[in-house]
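S.K.: This structure is in structure tokens; I'll ask about it shortly.
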Amino acid sequence: MGERVGLYPGTFDPITNGHLDIVERAAAHLVDRLIIAVAINGSKSPVFTFNERVAMVQEQTAPLADKYGIKIEARGVQGLLVETAAECGASMLIRGLRAVSDFDYEFQMASMNRKLEDQVETVFLMASENYLFVASSLVKEICQLGGDIEQFVPAEVAIAMREKFSNK
Ligand code: ADP
């Protein structure tokens, strides 16, 4: 079997321990190369710029690439995900599922992506129980309100978040 390449798409605004848990499990069990596809201008009006989000993804995932001896790279994605997957030679789209509330949207996206490109399979990893409630949006809200975010994001990301919100 050839190299197994996975594409993990998201906004990563910013990358959280929940995202990293998915990256780690994909690296450990699923892929030889993982491409993290960072949305260039997602519909979510990100707080961090595209370059900031990519830099944080790269910095935080590098140790996992070393640990599992796989390649992990970050790139921008704009437009159709299945086209990016084809460009990268990825046969798998990796997504995390936290709660039933994620399901409808994810099911619709996975079904639509399969219609568009049946050579790419969407693979879901259930969120680990420790990270079930971790979402970038919630962590940003907590940070903005002065709450403790250390347990939800890596230390460097927590620093970047506090800087971002103190500038506002
Ligand atoms: P998107 O804009 O695609 O929702 P996100 O950056 O919010 O981007 O999430 C990217 C992917 O990571 C999604 O599949 C999401 O379900 C998953 N994810 C986010 N947080 C967690 C978490 N705490 N545990 C598991 N998966 C997660």
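By convention here, the chains of the structure tokens are called A, B, ... in the order presented, each chain's residues are numbered starting at 1, and ligands are numbered starting at 1 in the order presented.
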Can you pull out every residue within 10 Å of A:Arg4, counting only C-alpha atoms, but drop anything in the same chain fewer than 2 positions away, and send it as a JSON list (two decimals) with all heavy atoms, in the first residue's frame?

M.R.:
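So the final result, stored in result14.json, reads:
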[["chain", "number", "residue", "atom", "x", "y", "z"],
["A", 1, "MET", "N", 0.85, -1.20, 0.00],
["A", 1, "MET", "CA", 0.00, 0.00, 0.00],
["A", 1, "MET", "C", 0.88, 1.25, 0.00],
["A", 1, "MET", "O", 1.92, 1.26, 0.65],
["A", 1, "MET", "CB", -0.90, -0.02, 1.24],
["A", 1, "MET", "CG", -2.19, 0.76, 1.03],
["A", 1, "MET", "SD", -3.49, 0.32, 2.20],
["A", 1, "MET", "CE", -2.83, 0.85, 3.75],
["A", 2, "GLY", "N", 0.49, 2.27, -0.74],
["A", 2, "GLY", "CA", 1.29, 3.50, -0.81],
["A", 2, "GLY", "C", 1.18, 4.33, 0.46],
["A", 2, "GLY", "O", 0.58, 3.90, 1.44],
["A", 6, "GLY", "N", -3.50, 12.04, 4.86],
["A", 6, "GLY", "CA", -4.75, 12.57, 5.39],
["A", 6, "GLY", "C", -4.76, 14.08, 5.37],
["A", 6, "GLY", "O", -3.71, 14.73, 5.49],
["A", 30, "LEU", "N", -3.44, 6.41, 11.80],
["A", 30, "LEU", "CA", -4.10, 6.45, 10.49],
["A", 30, "LEU", "C", -3.24, 6.80, 9.29],
["A", 30, "LEU", "O", -3.46, 6.28, 8.21],
["A", 30, "LEU", "CB", -5.30, 7.43, 10.54],
["A", 30, "LEU", "CG", -6.41, 7.13, 11.54],
["A", 30, "LEU", "CD1", -7.44, 8.25, 11.51],
["A", 30, "LEU", "CD2", -7.08, 5.81, 11.22],
["A", 31, "VAL", "N", -2.33, 7.74, 9.46],
["A", 31, "VAL", "CA", -1.68, 8.29, 8.27],
["A", 31, "VAL", "C", -0.15, 8.26, 8.35],
["A", 31, "VAL", "O", 0.43, 8.20, 9.43],
["A", 31, "VAL", "CB", -2.12, 9.76, 8.02],
["A", 31, "VAL", "CG1", -3.61, 9.85, 7.77],
["A", 31, "VAL", "CG2", -1.71, 10.67, 9.17],
["A", 32, "ASP", "N", 0.47, 8.34, 7.16],
["A", 32, "ASP", "CA", 1.93, 8.48, 7.08],
["A", 32, "ASP", "C", 2.30, 9.95, 6.90],
["A", 32, "ASP", "O", 3.42, 10.37, 7.15],
["A", 32, "ASP", "CB", 2.48, 7.72, 5.86],
["A", 32, "ASP", "CG", 2.05, 6.26, 5.90],
["A", 32, "ASP", "OD1", 2.30, 5.60, 6.92],
["A", 32, "ASP", "OD2", 1.44, 5.78, 4.91],
["A", 33, "ARG", "N", 1.33, 10.71, 6.39],
["A", 33, "ARG", "CA", 1.55, 12.14, 6.17],
["A", 33, "ARG", "C", 0.24, 12.84, 6.46],
["A", 33, "ARG", "O", -0.82, 12.37, 6.02],
["A", 33, "ARG", "CB", 1.97, 12.38, 4.72],
["A", 33, "ARG", "CG", 2.33, 13.80, 4.40],
["A", 33, "ARG", "CD", 3.37, 13.85, 3.26],
["A", 33, "ARG", "NE", 2.77, 13.60, 1.96],
["A", 33, "ARG", "CZ", 2.32, 14.59, 1.16],
["A", 33, "ARG", "NH1", 2.41, 15.85, 1.52],
["A", 33, "ARG", "NH2", 1.78, 14.29, 0.00],
["A", 34, "LEU", "N", 0.33, 13.91, 7.23],
["A", 34, "LEU", "CA", -0.89, 14.63, 7.58],
["A", 34, "LEU", "C", -0.76, 16.08, 7.14],
["A", 34, "LEU", "O", 0.21, 16.76, 7.48],
["A", 34, "LEU", "CB", -1.12, 14.57, 9.10],
["A", 34, "LEU", "CG", -2.42, 15.21, 9.59],
["A", 34, "LEU", "CD1", -3.65, 14.48, 9.04],
["A", 34, "LEU", "CD2", -2.48, 15.22, 11.12],
["A", 89, "GLY", "N", -2.85, 14.60, -2.92],
["A", 89, "GLY", "CA", -2.81, 13.14, -2.94],
["A", 89, "GLY", "C", -3.38, 12.53, -1.67],
["A", 89, "GLY", "O", -3.00, 11.42, -1.27],
["A", 90, "ALA", "N", -4.30, 13.26, -1.02],
["A", 90, "ALA", "CA", -4.89, 12.75, 0.22],
["A", 90, "ALA", "C", -6.10, 11.87, -0.09],
["A", 90, "ALA", "O", -6.94, 12.23, -0.91],
["A", 90, "ALA", "CB", -5.32, 13.91, 1.12],
["A", 91, "SER", "N", -6.17, 10.74, 0.59],
["A", 91, "SER", "CA", -7.31, 9.83, 0.37],
["A", 91, "SER", "C", -8.29, 9.90, 1.54],
["A", 91, "SER", "O", -9.32, 9.25, 1.53],
["A", 91, "SER", "CB", -6.80, 8.40, 0.23],
["A", 91, "SER", "OG", -6.05, 8.06, 1.37],
["A", 92, "MET", "N", -7.94, 10.68, 2.54],
["A", 92, "MET", "CA", -8.74, 10.73, 3.76],
["A", 92, "MET", "C", -8.93, 12.17, 4.21],
["A", 92, "MET", "O", -7.97, 12.94, 4.25],
["A", 92, "MET", "CB", -7.93, 10.08, 4.88],
["A", 92, "MET", "CG", -8.44, 8.82, 5.44],
["A", 92, "MET", "SD", -7.34, 8.34, 6.80],
["A", 92, "MET", "CE", -6.10, 7.42, 5.94]]

S.K.: Could you give me, as number ranges by chain, every polymer residue with an atom at most 9 Å away from an atom of ligand 1, counting only C-alpha atoms and all ligand atoms?

M.R.: A: 8-22, 38-39, 42-44, 94-99, 102, 106, 124-137, 152

S.K.: Using the chain letters and numbers from this document, which residues of chain A does DSSP assign to strand (DSSP E), as a PyMOL selection string?

M.R.: chain A and resi 5-10+33-39+71-77+92-97+121-126

S.K.: Compare A:Val23, A:His29, A:Asp118, A:Leu138 by their minimum atom-to-atom distance to A:Thr61, counting only C-alpha atoms, and give me the closest one.

M.R.: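 Residue with the minimum atom-to-atom distance to A:Thr61: A:Val23.
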
S.K.: Report, in Å to a single decimal, how far apart atom CA of A:Ala86 and atom CA of A:Met56 are.

M.R.: 25.0 Å

S.K.: Show me, as a list in words, the residues that have an atom within 10 Å of stretch 154-161 of chain A when counting only C-alpha atoms, minus same-chain residues fewer than 3 positions from it.

M.R.: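 That gives Asp13, Pro14, Ile15, Thr16, Asn17, Leu20, Val47, Phe48, Glu52, Arg53, Met56, Val57, Glu59, Gln60, Val139, Lys140, Cys143, Gln144, Asp148, Ile149, Glu150, Gln151, Lys164, Phe165 and Ser166 of chain A.
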
S.K.: Measuring between only C-alpha atoms, which one of A:Cys88, A:Leu116, A:Ile35, A:Ala27 shows the shortest distance to A:Leu64?

M.R.: A:Ala27

S.K.: Taking only C-alpha atoms into account, which of A:Gly146, A:Asp104, A:Ala62, A:Asn113 comes nearest A:Glu83?

M.R.: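 Comparing A:Gly146, A:Asp104, A:Ala62, A:Asn113 against A:Glu83, the winner is A:Asn113.
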
S.K.: Have a look at A:Leu7, A:Ala85, A:Ser101, A:Leu145 and name the one nearest to A:Gln119; count only C-alpha atoms.

M.R.: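 Among the listed residues, the smallest separation from A:Gln119 belongs to A:Ala85.
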
S.K.: Considering only C-alpha atoms, can you say which of A:Arg162, A:Ser45, A:Ile40, A:Ala65 comes closest to A:Ala26?

M.R.: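 Result for the nearest residue to A:Ala26: A:Ala65.
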
S.K.: Please compute the atom CA of A:Glu121-atom CA of A:Leu93 distance, one decimal, in Å.

M.R.: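 Spanning atom CA of A:Glu121 to atom CA of A:Leu93 is a straight-line distance of 6.1 Å.
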